[in-house]
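Accompanying notes for the structure given below.
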Protein chains: 4
Amino acid sequence: MADAATGSAPRESEAALRALLERIMAEAKPAAADGAVASYIPALARVPAERFGVAISFADGLEIALGDADEPFSIQSCSKIFTLAFALERIGAPLWRRVGREPSGMSFNSLILLEREGGVPRNPLINAGAIVTTDALLALEGDWADQALGRMRRLGGAESIVVDEEVYASEETHGDLNRAIAWFLKAKGNLLRPPDAALRAYFRACATAMSCRQLARAARFLIGAPLSAETGAAADPVCGAEHSRRIRAVMRTCGLYDAAGDFAYRVGLPAKSGVGGGLIAVSPGRYSVCVWSPALDAKGNSAAGQRALELLVDALEPSDRHV
Amino acid sequence: MADAATGSAPRESEAALRALLERIMAEAKPAAADGAVASYIPALARVPAERFGVAISFADGLEIALGDADEPFSIQSCSKIFTLAFALERIGAPLWRRVGREPSGMSFNSLILLEREGGVPRNPLINAGAIVTTDALLALEGDWADQALGRMRRLGGAESIVVDEEVYASEETHGDLNRAIAWFLKAKGNLLRPPDAALRAYFRACATAMSCRQLARAARFLIGAPLSAETGAAADPVCGAEHSRRIRAVMRTCGLYDAAGDFAYRVGLPAKSGVGGGLIAVSPGRYSVCVWSPALDAKGNSAAGQRALELLVDALEPSDRHV
Amino acid sequence: MADAATGSAPRESEAALRALLERIMAEAKPAAADGAVASYIPALARVPAERFGVAISFADGLEIALGDADEPFSIQSCSKIFTLAFALERIGAPLWRRVGREPSGMSFNSLILLEREGGVPRNPLINAGAIVTTDALLALEGDWADQALGRMRRLGGAESIVVDEEVYASEETHGDLNRAIAWFLKAKGNLLRPPDAALRAYFRACATAMSCRQLARAARFLIGAPLSAETGAAADPVCGAEHSRRIRAVMRTCGLYDAAGDFAYRVGLPAKSGVGGGLIAVSPGRYSVCVWSPALDAKGNSAAGQRALELLVDALEPSDRHV
Amino acid sequence: MADAATGSAPRESEAALRALLERIMAEAKPAAADGAVASYIPALARVPAERFGVAISFADGLEIALGDADEPFSIQSCSKIFTLAFALERIGAPLWRRVGREPSGMSFNSLILLEREGGVPRNPLINAGAIVTTDALLALEGDWADQALGRMRRLGGAESIVVDEEVYASEETHGDLNRAIAWFLKAKGNLLRPPDAALRAYFRACATAMSCRQLARAARFLIGAPLSAETGAAADPVCGAEHSRRIRAVMRTCGLYDAAGDFAYRVGLPAKSGVGGGLIAVSPGRYSVCVWSPALDAKGNSAAGQRALELLVDALEPSDRHV
């Protein structure tokens, strides 16, 4: 009884949209001054705070990219939505025996709830949950880290996508807290593979470098659009529509850590942030968007990125719809 | 640049929708066997577990009501979204100085986060947050409890809507935990009026009795539809579209307490539950719906009500859209 | 097989002890500059920070009192050890069904552990535990508050001991947090009498005004000494020796709230503090002592009082013994 | 002004004491039926539950040993008091910058408080605190694990004391939770050496096998007695009297994990337990005692061991003294 067509609202002309994005970029960029570039690993700390890129990919294939939209950056926790998608496609509902889907109400790397709840992470978008999800894939696919990279290349439409080896090495060196989390999961029986193996795959996914344009493309499955607008067929059937809808639900409630509620209030789109300054959001049936601005607010989300999405939604989303 | 029209997807015929709802009711009803009627106050414990009603109100005015859809029940925490709407309209953004909008990740009546966070409730849809919101209205309007009832009557379209005095008396008698919460808020300087006054207004709102049909109507402002489809004008301009969008955001992340994430995953619509067994959900631009089935699951949400909404969304919502 | 006599170590001469206390007072008094007088109720906030008194009562009846040792002050939480003693004598072991005897590791008025542990306070020396203990006495004795005062008069050896009505009124007015605790206990079924009744008796015990000399005398039962050294018989058999030993155990682990461990490390004697600046400590078989200095440290214990006891123990206690 | 002699109460005759201990052993042993042998590592799980030994070492050198008092068992957390003593002697007060001395009110291996308090363990007698203490020694002494064993041999008076290599290997294999703790400490900057190095030394100390007789001897420094009663001089000056007093204070408030308060109430002596079933207690100036019974109660402390100490204290300690 569903009417898929209704979601495809007619969009503005390319020129109008480009002008809109330029205006938004100009207005949002100063918000970066309120944030600070992540400093927990040296490789991230060196990224210039003034970088700013935005790319939007419409369901019909139109793509608009501005600023530093083609410069690769460390996707960090943006990788978690792809890991979740891969795991749901491969494993399905049994994944939820090992990880919950409730907001944590706590910082992304807290061990408190993990201990209280016996080693079952609250959701797959906090570190503990992503490590468990990665471990589940690793236990099924011996060489998961390599496969993951291959799939990100197909999703992002670029063979040039690589793991930034310097960032990866930095993650391994400075990943003590994640190592504590992994050993805790192991202690509670919720890790099938050795902590070092799960962490390696997890760190490599985080250290993948992609551009706004590539991430916006890679997220098209979340708006129900084919990867290639020309052929109408997915280059890589990431996961079915029913899974996409559910991943969006998890993004809505858990995508911005303990700022998820505030972000839902201000923006309302399913989204996922990374400490590299990336921020992906999706408007089902309409567009996927990725903004990049490295300065983070106190809760670890891109300051200017959030502002840009707020302005975008005000302009593009009818108030009685979607969000 | 928004296109309000796009939200108004053509709906099925009344006959098809009625048949659909009948099928859903038949399929969802047995789920009540997994739950138990709320027992914390005697007046609620007496409601027969087999009651089941559903009412849906479409944007264009079509209304379909089945089962016990016209039997009044205690709306309990469903009242919290209306209190929030009234407060946002009256107070606006300053309300957020006294209450947050993040999911709590904890039970609806927990004092733990409230203490950790210095008396600022996590969101307006848990008890502490609703008490603060009520207090804010009470401080501005001397006779808020009466006004609130008047507004619910106009929203629900029935002068017959009343506070169930037996339930109200029961709330006062058995409301020790809420009283603890109110005194704690007072101790932290986040209550302007005496705890007993704030609780009285809060309890009376919870003890309001309404039918599924009345609640579905009352929630029309949340889908951007006028209260009266005939005249096209709101009988009571509850709150503007921008507020409605944001209330929906809070409902999405916080509407079902610590099951909000799971509900978002399974259903995906902004919703609010009450321990009386009521469950309101809204599809922006399309319809508001209220299901009533008194047996609650372990997290305090209507068991069959959730199942009914799950089936409804599978049938009515295109997978690439809205949710 | 026990040899009670061994506890009675020969003590120094009165002159030597007086000289020692004078030296300690001079050395400890400046520590008050690091603290601040309790400000949560106006009546306490007005007490001059420079007050300093000390009284020590030896097992053989010798009493040395210096400084403001005869000025009454608000005993506040020092009352909790007497309430516990009265309750153990009256109720015995069944008291421990309603209150634990573990350190809380948290602030004295926290609700967090109370919620986690279902309304059973961690120990009788935090507010929640003292309210439960008071309630237990209240349920058995209709007029407990009056009886309690009578017993404090006999223990302190002065009919002039009274409840400071101004302080009591202030407690009632500013006792919102204790009211929250009492309602929470009620909600969890761990209060037999109405919260207001339990709080009244609790507040009146806290608001009792006594001098150092009176408190040192009143604590003699905790060192196994008769109230009246002359007659050798207790004027008021507070509780038996076996209870006394166990009350000292609770004082050791819980007497200074979340600074109990640090105090045990520095001083090592069983003790109890109050926010009025009083601090009682006991050396079993040898002496009871009360210091009063109103300026409190960050954890709510008398700053100079703790320092004085530290010096006293260094001087009076053999290092291989008692503590 | 202290009088060391006063602590040396005359003791009963050897025959009377031996008869007393035999009676206590007979009465306490059945309490083992209420407990269960630790199962978290296979090597411990194999120890027969019916083992029972007790050894008491009086200040004057008299030693009484009964039952399996000469059978070595895994000392486990009993090692923590010796590690603390060695660290206080070597490092002094600066140790307290890295570890607190408050009771935790939580399980011995919980990460919750550790996270809340930024990686500073509550006290040196929970796992996290002992790992930090071990790390502090390791950073000063390159070969700490070997030195520690040497010192335990001298303290216990037996060159035959060894690390049980099977238990040690088991600790390494099953120590996931301790590994999580160590990585967390590392992440918070409270570990100077690599987690694996600190854990190795920690695990080896836990895996040391000693008999009741050896442990009772080793604890003599805590009662202020020389190791060798004949010569009157310590074979190994573990730590000065002022440190001993303070270690006893930590044992009193923290020695039995989250049962410390209850144990203080029932027994009252400074004590330390291990999951191998060992339980050391000391009566300053009088005797040190070690009981061994492998069956643990729900909080991880020897069930019959606690009962035996309760009976011992009732018989040996004057009620107005020490405890």
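The chains in the structure tokens are called A, B, ... from first to last as shown; in each chain the residues are counted from 1, and the ligands are counted from 1 in the order shown.
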Residue list for chain B near chain C as a CSV table (one decimal) with C-alpha atoms, in the first residue's frame, 9 Å, only C-alpha atoms:
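Contents of the output file result-v9.csv:
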chain,number,residue,atom,x,y,z
B,110,SER,CA,14.7,7.6,37.8
B,111,LEU,CA,16.4,10.2,40.0
B,112,ILE,CA,20.0,9.2,39.1
B,113,LEU,CA,20.6,11.3,36.1
B,115,GLU,CA,21.1,14.1,40.6
B,116,ARG,CA,24.1,13.8,38.4
B,174,HIS,CA,0.2,6.9,45.3
B,175,GLY,CA,2.5,9.5,43.9
B,176,ASP,CA,5.3,9.2,46.4
B,177,LEU,CA,8.0,8.8,43.8
B,178,ASN,CA,6.8,11.8,41.8
B,179,ARG,CA,6.7,13.7,45.1
B,180,ALA,CA,10.3,12.7,45.7
B,181,ILE,CA,11.2,14.0,42.2
B,182,ALA,CA,9.4,17.3,42.8
B,183,TRP,CA,11.1,17.9,46.1
B,184,PHE,CA,14.4,17.1,44.5
B,185,LEU,CA,13.7,19.6,41.7
B,186,LYS,CA,12.8,22.1,44.4
B,187,ALA,CA,16.0,21.5,46.3
B,188,LYS,CA,18.0,22.1,43.1
Using DSSP assignments from the backbone, pull out every residue in stretch 183-274 of chain C that falls under strand (DSSP E or B) and give it to me as a PyMOL selection string. chain C and resi 208-210+271-273
Q: Name all residues at most 9 Å from stretch 98-100 of chain D (count only C-alpha atoms; drop same-chain ones fewer than 5 positions away) and give them as a list in words.
A: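 Returned residues: Gly261 and Asp262 of chain C; Gly119, Val120, Pro121, Arg122, Asn123, Pro124, Ala128, Gly129, Ala130, Val132, Thr133, Ala136 and Asn190 of chain D.
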How far is it from atom CA of D:Met152 to atom CA of D:Ala218, in Å with one decimal?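 Interatomic distance here is 7.2 Å.
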### Query
Can you tell me, as a list in words, what residues are no more than 10 Å from C:Ser74 when counting only C-alpha atoms, ignoring any on the same chain fewer than 4 positions away?
Ala43, Leu44, Val47, Cys78, Ser79, Val163, Asp164, Val167, Tyr168, Ala205, Cys206, Ala207, Thr208, Ala209, Met210, Ser211, Gly274, Val275, Gly276, Gly277, Gly278 and Pro294 of chain C
Keeping only N, CA, C and O atoms, take the residues you just selected and write them out as a tab-separated table (two decimals), in the first residue's frame.
chain	number	residue	atom	x	y	z
C	43	ALA	N	20.58	29.95	59.92
C	43	ALA	CA	20.92	29.91	61.34
C	43	ALA	C	22.33	29.37	61.57
C	43	ALA	O	23.03	29.78	62.49
C	44	LEU	N	22.76	28.45	60.72
C	44	LEU	CA	24.12	27.93	60.86
C	44	LEU	C	25.15	28.89	60.28
C	44	LEU	O	26.26	29.03	60.79
C	47	VAL	N	27.04	31.47	62.54
C	47	VAL	CA	27.99	31.12	63.61
C	47	VAL	C	29.39	31.63	63.24
C	47	VAL	O	29.86	31.40	62.14
C	78	CYS	N	25.98	14.74	64.21
C	78	CYS	CA	26.49	14.03	65.38
C	78	CYS	C	25.35	13.29	66.07
C	78	CYS	O	25.56	12.27	66.75
C	79	SER	N	24.13	13.78	65.86
C	79	SER	CA	22.96	13.13	66.47
C	79	SER	C	22.78	11.71	65.93
C	79	SER	O	22.13	10.88	66.57
C	163	VAL	N	16.34	21.81	71.96
C	163	VAL	CA	16.33	21.94	70.51
C	163	VAL	C	16.35	23.43	70.19
C	163	VAL	O	15.57	24.20	70.75
C	164	ASP	N	17.26	23.83	69.32
C	164	ASP	CA	17.32	25.23	68.91
C	164	ASP	C	16.19	25.44	67.91
C	164	ASP	O	16.25	24.99	66.76
C	167	VAL	N	16.98	26.99	64.51
C	167	VAL	CA	17.62	26.04	63.60
C	167	VAL	C	16.60	25.03	63.09
C	167	VAL	O	16.54	24.72	61.90
C	168	TYR	N	15.77	24.52	64.00
C	168	TYR	CA	14.76	23.54	63.59
C	168	TYR	C	13.84	24.12	62.51
C	168	TYR	O	13.57	23.47	61.49
C	205	ALA	N	16.27	16.30	66.05
C	205	ALA	CA	17.51	15.71	66.57
C	205	ALA	C	18.71	16.49	66.03
C	205	ALA	O	19.65	16.80	66.79
C	206	CYS	N	18.68	16.83	64.75
C	206	CYS	CA	19.78	17.59	64.15
C	206	CYS	C	19.91	18.98	64.78
C	206	CYS	O	21.02	19.51	64.92
C	207	ALA	N	18.78	19.56	65.13
C	207	ALA	CA	18.75	20.93	65.62
C	207	ALA	C	19.03	21.03	67.12
C	207	ALA	O	19.02	22.12	67.69
C	208	THR	N	19.27	19.89	67.75
C	208	THR	CA	19.62	19.92	69.16
C	208	THR	C	20.93	20.69	69.35
C	208	THR	O	21.86	20.54	68.57
C	209	ALA	N	20.97	21.54	70.37
C	209	ALA	CA	22.19	22.33	70.64
C	209	ALA	C	22.89	21.76	71.87
C	209	ALA	O	22.27	21.58	72.93
C	210	MET	N	24.15	21.45	71.73
C	210	MET	CA	24.93	20.92	72.85
C	210	MET	C	26.34	21.49	72.78
C	210	MET	O	26.80	21.95	71.74
C	211	SER	N	27.02	21.43	73.92
C	211	SER	CA	28.40	21.90	73.97
C	211	SER	C	29.36	20.72	73.79
C	211	SER	O	28.95	19.56	73.88
C	274	GLY	N	29.42	16.62	62.18
C	274	GLY	CA	28.16	17.30	61.85
C	274	GLY	C	28.47	18.61	61.15
C	274	GLY	O	29.55	19.19	61.36
C	275	VAL	N	27.53	19.08	60.31
C	275	VAL	CA	27.81	20.31	59.57
C	275	VAL	C	27.80	21.56	60.44
C	275	VAL	O	28.14	22.65	59.99
C	276	GLY	N	27.43	21.38	61.73
C	276	GLY	CA	27.56	22.50	62.66
C	276	GLY	C	29.01	22.70	63.08
C	276	GLY	O	29.33	23.65	63.79
C	277	GLY	N	29.89	21.77	62.66
C	277	GLY	CA	31.31	21.90	62.97
C	277	GLY	C	31.76	21.01	64.12
C	277	GLY	O	32.93	21.01	64.49
C	278	GLY	N	30.83	20.24	64.66
C	278	GLY	CA	31.18	19.31	65.73
C	278	GLY	C	31.81	18.04	65.18
C	278	GLY	O	31.54	17.63	64.05
C	294	PRO	N	33.56	25.62	63.45
C	294	PRO	CA	32.47	25.60	62.45
C	294	PRO	C	32.89	25.55	60.98
C	294	PRO	O	32.07	25.21	60.14
At a cut-off of 6 Å, using only C-alpha atoms, what residues contact stretch 50-55 of chain A? Leave out same-chain residues fewer than 3 positions from it and give the result as JSON, numbers by chain. {"A": [64, 65, 66, 67, 68, 69, 212, 213, 289, 290, 291, 292, 293]}
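Picture a line from atom CA of B:Glu165 to atom CA of B:Ala148; it runs 15.3 Å.
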Fill in: Shell around B:Ser273 at 12 Å using only C-alpha atoms, local window under 4 positions removed, as a ChimeraX atom specification
/B:74-81,108,125-126,206,215,251-252,254-260,263,277-281,289-294,296-297,299-303,305-306,309
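As for atom CA of D:His243 and atom CA of D:Gly92, they are spaced 8.7 Å apart.
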Counting only C-alpha atoms, the residue among C:Ile223, C:Ala198, C:Ala38, C:Ile131 that lies closest to C:Gly61 is C:Ile223
If we count only C-alpha atoms, what is near D:Leu311 at a cut-off of 10 Å, once residues fewer than 6 positions away on the same chain are taken out, given as an mmCIF file with N, CA and C atoms, in the first residue's frame?
data_model
loop_
_atom_site.group_PDB
_atom_site.id
_atom_site.type_symbol
_atom_site.label_atom_id
_atom_site.label_comp_id
_atom_site.auth_asym_id
_atom_site.auth_seq_id
_atom_site.Cartn_x
_atom_site.Cartn_y
_atom_site.Cartn_z
ATOM 1 N N LEU D 20 40.876 -23.085 72.464
ATOM 2 C CA LEU D 20 39.948 -22.104 71.904
ATOM 3 C C LEU D 20 39.900 -22.200 70.377
ATOM 4 N N LEU D 21 41.062 -22.241 69.752
ATOM 5 C CA LEU D 21 41.096 -22.293 68.297
ATOM 6 C C LEU D 21 40.458 -23.571 67.769
ATOM 7 N N ARG D 23 38.020 -25.213 69.127
ATOM 8 C CA ARG D 23 36.568 -25.034 69.251
ATOM 9 C C ARG D 23 36.056 -24.131 68.121
ATOM 10 N N ILE D 24 36.778 -23.043 67.887
ATOM 11 C CA ILE D 24 36.361 -22.101 66.836
ATOM 12 C C ILE D 24 36.359 -22.789 65.471
ATOM 13 N N MET D 25 37.417 -23.582 65.218
ATOM 14 C CA MET D 25 37.505 -24.263 63.937
ATOM 15 C C MET D 25 36.302 -25.181 63.741
ATOM 16 N N GLU D 27 33.416 -24.926 65.087
ATOM 17 C CA GLU D 27 32.160 -24.186 64.967
ATOM 18 C C GLU D 27 32.065 -23.430 63.636
ATOM 19 N N ALA D 28 33.219 -22.976 63.140
ATOM 20 C CA ALA D 28 33.195 -22.148 61.931
ATOM 21 C C ALA D 28 33.126 -22.955 60.646
ATOM 22 N N ARG D 266 30.784 -6.991 62.194
ATOM 23 C CA ARG D 266 30.783 -8.319 62.809
ATOM 24 C C ARG D 266 32.107 -8.631 63.499
ATOM 25 N N VAL D 267 33.221 -8.219 62.912
ATOM 26 C CA VAL D 267 34.532 -8.601 63.430
ATOM 27 C C VAL D 267 35.300 -7.404 63.987
#
Margin query: Let's see if you can do this: from backbone DSSP, list all alpha helix (DSSP H) residues in stretch 2-132 of chain A, as a ChimeraX atom specification.
Written below: /A:14-28,42-45,79-91,112-116,127-132
